[in-house]
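The data block below is input-v5.tsv; it holds TSV, C-alpha atoms and all ligand atoms.
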```tsv
chain	number	residue	atom	x	y	z
A	1	MET	CA	-11.50	-9.66	-2.83
A	2	ILE	CA	-7.77	-9.60	-2.07
A	3	ALA	CA	-6.91	-12.47	0.28
A	4	TRP	CA	-4.10	-11.43	2.62
A	5	ARG	CA	-1.23	-13.89	2.82
A	6	GLU	CA	1.74	-13.67	5.16
A	7	ASP	CA	4.12	-13.62	2.19
A	8	MET	CA	2.63	-10.27	1.14
A	9	GLY	CA	4.23	-8.71	4.20
A	10	LEU	CA	7.82	-7.75	4.90
A	11	GLY	CA	8.04	-9.74	8.11
A	12	ILE	CA	8.01	-6.47	10.09
A	13	GLU	CA	5.03	-6.63	12.39
A	14	GLY	CA	3.97	-2.96	12.60
A	15	LEU	CA	4.21	-2.36	8.87
A	16	ASP	CA	2.56	-5.65	7.98
A	17	GLU	CA	-0.41	-4.87	10.23
A	18	GLU	CA	-0.87	-1.53	8.45
A	19	HIS	CA	-0.60	-3.24	5.08
A	20	LYS	CA	-3.14	-5.89	6.08
A	21	ALA	CA	-5.55	-3.20	7.38
A	22	LEU	CA	-5.27	-1.41	4.05
A	23	VAL	CA	-6.07	-4.60	2.12
A	24	ASN	CA	-9.08	-5.19	4.40
A	25	LEU	CA	-10.31	-1.64	3.79
A	26	ILE	CA	-10.10	-2.21	0.04
A	27	ASN	CA	-12.11	-5.39	0.50
A	28	ASP	CA	-14.71	-3.47	2.56
A	29	PHE	CA	-15.20	-1.26	-0.44
A	30	ASP	CA	-17.33	-3.92	-2.13
A	31	ARG	CA	-19.97	-3.59	0.59
A	32	CYS	CA	-20.70	0.02	-0.35
A	33	LYS	CA	-24.27	0.48	-1.58
A	34	SER	CA	-24.09	4.00	-2.92
A	35	ARG	CA	-21.64	6.01	-4.98
A	36	LYS	CA	-21.39	8.56	-2.17
A	37	SER	CA	-20.48	6.01	0.53
A	38	ALA	CA	-18.05	4.35	-1.91
A	39	TYR	CA	-16.40	7.70	-2.53
A	40	HIS	CA	-15.92	8.25	1.21
A	41	VAL	CA	-14.43	4.77	1.70
A	42	ALA	CA	-12.19	5.35	-1.34
A	43	GLN	CA	-10.95	8.59	0.23
A	44	SER	CA	-10.09	6.62	3.38
A	45	VAL	CA	-8.24	4.07	1.26
A	46	LEU	CA	-6.33	6.91	-0.37
A	47	ALA	CA	-5.41	8.50	2.98
A	48	GLN	CA	-4.29	5.17	4.48
A	49	THR	CA	-2.39	4.35	1.32
A	50	LYS	CA	-0.41	7.60	1.58
A	51	GLN	CA	0.34	6.87	5.24
A	52	TYR	CA	1.41	3.29	4.56
A	53	PHE	CA	3.59	4.30	1.60
A	54	GLN	CA	5.32	6.93	3.72
A	55	ARG	CA	6.11	4.39	6.43
A	56	GLU	CA	7.37	1.90	3.85
A	57	GLU	CA	9.62	4.55	2.29
A	58	GLU	CA	11.02	5.53	5.70
A	59	LEU	CA	11.90	1.91	6.25
A	60	GLN	CA	13.54	1.70	2.82
A	61	ALA	CA	15.57	4.85	3.51
A	62	ALA	CA	16.64	3.44	6.85
A	63	PHE	CA	17.82	0.28	5.11
A	64	ALA	CA	19.50	2.15	2.24
A	65	TYR	CA	17.33	0.17	-0.15
A	66	THR	CA	18.81	0.44	-3.64
A	67	ASN	CA	15.45	0.50	-5.46
A	68	LEU	CA	14.02	3.28	-3.30
A	69	PRO	CA	13.78	5.94	-6.09
A	70	LEU	CA	11.91	3.58	-8.42
A	71	HIS	CA	9.69	2.29	-5.63
A	72	HIS	CA	8.95	5.82	-4.47
A	73	SER	CA	7.99	6.93	-7.99
A	74	ASP	CA	5.58	4.00	-8.27
A	75	HIS	CA	4.00	5.00	-4.93
A	76	ASP	CA	3.56	8.54	-6.29
A	77	ARG	CA	2.02	7.23	-9.49
A	78	ILE	CA	-0.47	5.07	-7.59
A	79	VAL	CA	-1.61	7.91	-5.32
A	80	LYS	CA	-2.07	10.29	-8.26
A	81	GLU	CA	-3.86	7.76	-10.46
A	82	MET	CA	-6.08	6.58	-7.62
A	83	ASP	CA	-7.11	10.15	-6.83
A	84	ILE	CA	-7.92	10.92	-10.47
A	85	LEU	CA	-9.75	7.63	-11.11
A	86	ILE	CA	-11.83	7.76	-7.93
A	87	THR	CA	-12.88	11.34	-8.56
A	88	GLY	CA	-13.55	10.58	-12.22
A	89	ALA	CA	-15.81	7.63	-11.40
A	90	PHE	CA	-17.59	9.63	-8.69
A	91	LEU	CA	-18.32	12.52	-11.04
A	92	ASP	CA	-19.15	10.50	-14.17
A	93	HIS	CA	-22.94	10.64	-14.30
A	94	ARG	CA	-23.10	8.44	-17.36
A	95	LEU	CA	-22.41	5.59	-14.92
A	96	ASN	CA	-25.02	4.31	-12.50
A	97	ASP	CA	-23.92	3.82	-8.87
A	98	HIS	CA	-23.20	0.12	-9.30
A	99	ALA	CA	-20.97	0.71	-12.33
A	100	ALA	CA	-19.14	3.61	-10.63
A	101	ILE	CA	-18.46	1.51	-7.51
A	102	LEU	CA	-17.29	-1.40	-9.63
A	103	MET	CA	-14.88	0.82	-11.58
A	104	MET	CA	-13.40	2.34	-8.43
A	105	SER	CA	-13.01	-1.12	-6.91
A	106	GLU	CA	-11.32	-2.62	-9.97
A	107	TRP	CA	-8.91	0.29	-10.34
A	108	MET	CA	-7.87	0.17	-6.70
A	109	ARG	CA	-7.26	-3.57	-6.89
A	110	ASP	CA	-5.31	-3.33	-10.15
A	111	LEU	CA	-3.11	-0.55	-8.79
A	112	PHE	CA	-2.40	-2.38	-5.55
A	113	ILE	CA	-1.90	-5.86	-6.91
A	114	GLY	CA	0.33	-4.55	-9.71
A	115	HIS	CA	2.52	-2.70	-7.20
A	116	MET	CA	2.65	-5.58	-4.72
A	117	LEU	CA	3.60	-8.13	-7.38
A	118	VAL	CA	6.46	-6.06	-8.77
A	119	HIS	CA	7.83	-3.52	-6.27
A	120	ASP	CA	6.81	-4.87	-2.87
A	121	LEU	CA	7.98	-8.35	-3.81
A	122	LYS	CA	11.45	-6.99	-4.66
A	123	LEU	CA	11.51	-5.09	-1.36
A	124	ARG	CA	10.57	-8.24	0.55
A	125	GLN	CA	13.32	-10.18	-1.21
A	126	ALA	CA	15.87	-7.47	-0.36
A	127	VAL	CA	14.81	-7.41	3.29
A	128	LEU	CA	15.00	-11.18	3.51
A	129	ALA	CA	18.38	-11.19	1.75
A	130	GLY	CA	19.79	-8.87	4.40
A	131	GLU	CA	20.27	-5.76	2.30
A	132	ALA	CA	18.91	-4.00	5.34
A	133	ASN	CA	21.99	-4.79	7.40
A	134	HIS	CA	23.95	-1.66	6.42
A	135	THR	CA	21.84	0.94	8.18
A	136	PRO	CA	23.09	4.53	7.90
A	137	PHE	CA	19.95	6.10	9.28
A	138	MET	CA	17.15	4.82	11.49
A	139	PRO	CA	14.16	7.09	12.20
A	140	PRO	CA	13.38	6.88	15.92
A	141	HIS	CA	9.72	5.92	15.47
A	142	ILE	CA	10.60	2.75	13.58
A	143	ALA	CA	13.92	1.93	15.21
A	144	SER	CA	12.60	-0.34	17.92
A	145	GLU	CA	10.13	-2.32	15.80
A	146	ALA	CA	12.52	-2.60	12.86
A	147	SER	CA	15.47	-3.88	14.84
A	148	SER	CA	13.56	-6.57	16.69
A	149	GLN	CA	11.26	-7.60	13.84
A	150	LEU	CA	13.97	-7.61	11.19
A	151	SER	CA	16.36	-9.76	13.18
A	152	ALA	CA	13.54	-12.20	13.80
A	153	ALA	CA	12.65	-12.26	10.10
A	154	LEU	CA	16.17	-12.83	8.78
B	201	FE	FE	5.47	-0.28	-1.88
```

I'd like the structure from this file rewritten - as structure tokens, please.
Ligand SMILES: [Fe+2]
Amino acid sequence: MIAWREDMGLGIEGLDEEHKALVNLINDFDRCKSRKSAYHVAQSVLAQTKQYFQREEELQAAFAYTNLPLHHSDHDRIVKEMDILITGAFLDHRLNDHAAILMMSEWMRDLFIGHMLVHDLKLRQAVLAGEANHTPFMPPHIASEASSQLSAAL
């Protein structure tokens, strides 16, 4: 179980709500009773992860975040590894359902926690330090939330 804490967020309400929902979905995974239902929940986690990562990267681009290339490559790695590991556990018939669900759950947690502790923490520190103040580009769909939420967070 990943316990959401406010310091896991960026202080930007819309993005933080998406991040929190993703963490909750990963936690819901443990309630799956069959490999098939776990696989479907895992596919939802994967789809929401891609969506959240895209939004986070748009924000980073808008803020001219210096670590964007590295952060982006870690997002790509997570999505690819998650897809391979989930499918591998689903198809591995040497594992019983309980073992397959447990493996999927542990991999998802490890991938997420590892990324949050290294890359998302650096992003949060940059946002809080005001690196976001030189803004060459602001996508319209995040402009309003970013400007109000960021000024409140800094
Ligand atoms: Fe990230």

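The contact shell of ligand FE 201 (chain B), defined as all polymer residues within 8 Å when all atoms listed in the file are used, comprises Phe53, Glu56, Glu57, His71, His72, Asp74, His75, His115, Met116, His119, Asp120 and Leu123 of chain A.
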
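From atom CA of A:Lys33 back to atom CA of A:Thr87, the distance works out to 17.2 Å.
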
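The smallest atom-to-atom distance between A:Ala99 and any of A:Leu117, A:Val127, A:Ile84, A:Ala38, using all atoms listed in the file, is found for A:Ala38.
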
Atom-to-atom span, atom CA of A:Ser37 and atom CA of A:Ile2, Å: 20.3 Å

Excluding same-chain residues fewer than 3 positions from A:His19, what lies within 9 Å of it counting all atoms listed in the file, as an mmCIF file with C-alpha atoms, in the coordinates of the input?
```cif
data_model
loop_
_atom_site.group_PDB
_atom_site.id
_atom_site.type_symbol
_atom_site.label_atom_id
_atom_site.label_comp_id
_atom_site.auth_asym_id
_atom_site.auth_seq_id
_atom_site.Cartn_x
_atom_site.Cartn_y
_atom_site.Cartn_z
ATOM 1 C CA MET A 8 2.630 -10.270 1.140
ATOM 2 C CA GLY A 9 4.230 -8.710 4.200
ATOM 3 C CA GLY A 14 3.970 -2.960 12.600
ATOM 4 C CA LEU A 15 4.210 -2.360 8.870
ATOM 5 C CA ASP A 16 2.560 -5.650 7.980
ATOM 6 C CA LEU A 22 -5.270 -1.410 4.050
ATOM 7 C CA VAL A 23 -6.070 -4.600 2.120
ATOM 8 C CA ASN A 24 -9.080 -5.190 4.400
ATOM 9 C CA THR A 49 -2.390 4.350 1.320
ATOM 10 C CA TYR A 52 1.410 3.290 4.560
#
```

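With all atoms listed in the file as the atoms that count, the residue of A:Ala3, A:Ala47, A:Ala21, A:Leu68 with the shortest distance to A:Ala126 is A:Leu68.
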
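The coordinates place atom CA of A:Ala100 at 14.2 Å from atom CA of A:Asp83.
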
With all atoms listed in the file as the counted atoms, please give the residues lying no more than 10 Å from A:Met104, apart from itself and same-chain residues fewer than 3 positions off, as a ChimeraX atom specification. /A:29-30,35,38-39,42,82,85-90,99-101,107-109

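With distances taken over all atoms listed in the file, A:Leu59 is the one residue among A:Ile113, A:Leu46, A:Leu59, A:Ala64 lying closest to A:Leu10.
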
From the set A:Lys50, A:His40, A:Lys80, A:Arg55, which residue has the shortest atom-to-atom contact distance to A:Ile12, counting only C-alpha atoms? A:Arg55

Would you fill the gaps in stretch 9-43 of chain A so it has N, CA and C atoms, then print it as a tab-separated table (two decimals), keeping the file's coordinate frame?
```tsv
chain	number	residue	atom	x	y	z
A	9	GLY	N	3.61	-9.63	3.25
A	9	GLY	CA	4.23	-8.71	4.20
A	9	GLY	C	5.74	-8.74	4.10
A	10	LEU	N	6.36	-7.85	4.89
A	10	LEU	CA	7.82	-7.75	4.90
A	10	LEU	C	8.41	-8.50	6.09
A	11	GLY	N	7.55	-9.07	6.91
A	11	GLY	CA	8.04	-9.74	8.11
A	11	GLY	C	8.33	-8.74	9.22
A	12	ILE	N	7.82	-7.52	9.08
A	12	ILE	CA	8.01	-6.47	10.09
A	12	ILE	C	6.62	-6.14	10.63
A	13	GLU	N	6.38	-6.56	11.86
A	13	GLU	CA	5.03	-6.63	12.39
A	13	GLU	C	4.20	-5.35	12.22
A	14	GLY	N	4.74	-4.20	12.66
A	14	GLY	CA	3.97	-2.96	12.60
A	14	GLY	C	3.55	-2.60	11.18
A	15	LEU	N	4.50	-2.68	10.27
A	15	LEU	CA	4.21	-2.36	8.87
A	15	LEU	C	3.24	-3.36	8.26
A	16	ASP	N	3.43	-4.63	8.57
A	16	ASP	CA	2.56	-5.65	7.98
A	16	ASP	C	1.12	-5.50	8.47
A	17	GLU	N	0.95	-5.09	9.72
A	17	GLU	CA	-0.41	-4.87	10.23
A	17	GLU	C	-1.07	-3.72	9.49
A	18	GLU	N	-0.31	-2.66	9.22
A	18	GLU	CA	-0.87	-1.53	8.45
A	18	GLU	C	-1.24	-1.96	7.03
A	19	HIS	N	-0.37	-2.76	6.45
A	19	HIS	CA	-0.60	-3.24	5.08
A	19	HIS	C	-1.87	-4.10	5.03
A	20	LYS	N	-1.99	-4.99	6.01
A	20	LYS	CA	-3.14	-5.89	6.08
A	20	LYS	C	-4.43	-5.07	6.28
A	21	ALA	N	-4.38	-4.06	7.13
A	21	ALA	CA	-5.55	-3.20	7.38
A	21	ALA	C	-5.97	-2.49	6.10
A	22	LEU	N	-4.99	-2.09	5.31
A	22	LEU	CA	-5.27	-1.41	4.05
A	22	LEU	C	-5.95	-2.38	3.07
A	23	VAL	N	-5.45	-3.59	2.99
A	23	VAL	CA	-6.07	-4.60	2.12
A	23	VAL	C	-7.51	-4.87	2.57
A	24	ASN	N	-7.72	-4.96	3.88
A	24	ASN	CA	-9.08	-5.19	4.40
A	24	ASN	C	-10.01	-4.03	4.06
A	25	LEU	N	-9.49	-2.81	4.12
A	25	LEU	CA	-10.31	-1.64	3.79
A	25	LEU	C	-10.70	-1.67	2.32
A	26	ILE	N	-9.78	-2.08	1.46
A	26	ILE	CA	-10.10	-2.21	0.04
A	26	ILE	C	-11.19	-3.27	-0.16
A	27	ASN	N	-11.08	-4.35	0.60
A	27	ASN	CA	-12.11	-5.39	0.50
A	27	ASN	C	-13.46	-4.89	1.01
A	28	ASP	N	-13.46	-4.04	2.03
A	28	ASP	CA	-14.71	-3.47	2.56
A	28	ASP	C	-15.42	-2.63	1.51
A	29	PHE	N	-14.65	-2.13	0.58
A	29	PHE	CA	-15.20	-1.26	-0.44
A	29	PHE	C	-16.37	-1.91	-1.18
A	30	ASP	N	-16.29	-3.21	-1.38
A	30	ASP	CA	-17.33	-3.92	-2.13
A	30	ASP	C	-18.69	-3.93	-1.43
A	31	ARG	N	-18.70	-3.61	-0.15
A	31	ARG	CA	-19.97	-3.59	0.59
A	31	ARG	C	-20.70	-2.26	0.46
A	32	CYS	N	-20.07	-1.29	-0.20
A	32	CYS	CA	-20.70	0.02	-0.35
A	32	CYS	C	-21.94	-0.10	-1.24
A	33	LYS	N	-23.00	0.56	-0.83
A	33	LYS	CA	-24.27	0.48	-1.58
A	33	LYS	C	-24.52	1.71	-2.44
A	34	SER	N	-23.85	2.80	-2.12
A	34	SER	CA	-24.09	4.00	-2.92
A	34	SER	C	-22.76	4.59	-3.38
A	35	ARG	N	-22.83	5.35	-4.44
A	35	ARG	CA	-21.64	6.01	-4.98
A	35	ARG	C	-21.02	6.92	-3.93
A	36	LYS	N	-21.88	7.62	-3.16
A	36	LYS	CA	-21.39	8.56	-2.17
A	36	LYS	C	-20.63	7.83	-1.06
A	37	SER	N	-21.19	6.74	-0.54
A	37	SER	CA	-20.48	6.01	0.53
A	37	SER	C	-19.20	5.39	-0.03
A	38	ALA	N	-19.25	4.92	-1.28
A	38	ALA	CA	-18.05	4.35	-1.91
A	38	ALA	C	-16.96	5.41	-2.04
A	39	TYR	N	-17.38	6.62	-2.39
A	39	TYR	CA	-16.40	7.70	-2.53
A	39	TYR	C	-15.72	7.99	-1.19
A	40	HIS	N	-16.51	7.99	-0.11
A	40	HIS	CA	-15.92	8.25	1.21
A	40	HIS	C	-14.96	7.13	1.63
A	41	VAL	N	-15.34	5.88	1.37
A	41	VAL	CA	-14.43	4.77	1.70
A	41	VAL	C	-13.17	4.87	0.83
A	42	ALA	N	-13.35	5.22	-0.43
A	42	ALA	CA	-12.19	5.35	-1.34
A	42	ALA	C	-11.25	6.45	-0.86
A	43	GLN	N	-11.80	7.53	-0.31
A	43	GLN	CA	-10.95	8.59	0.23
A	43	GLN	C	-10.17	8.08	1.45
```
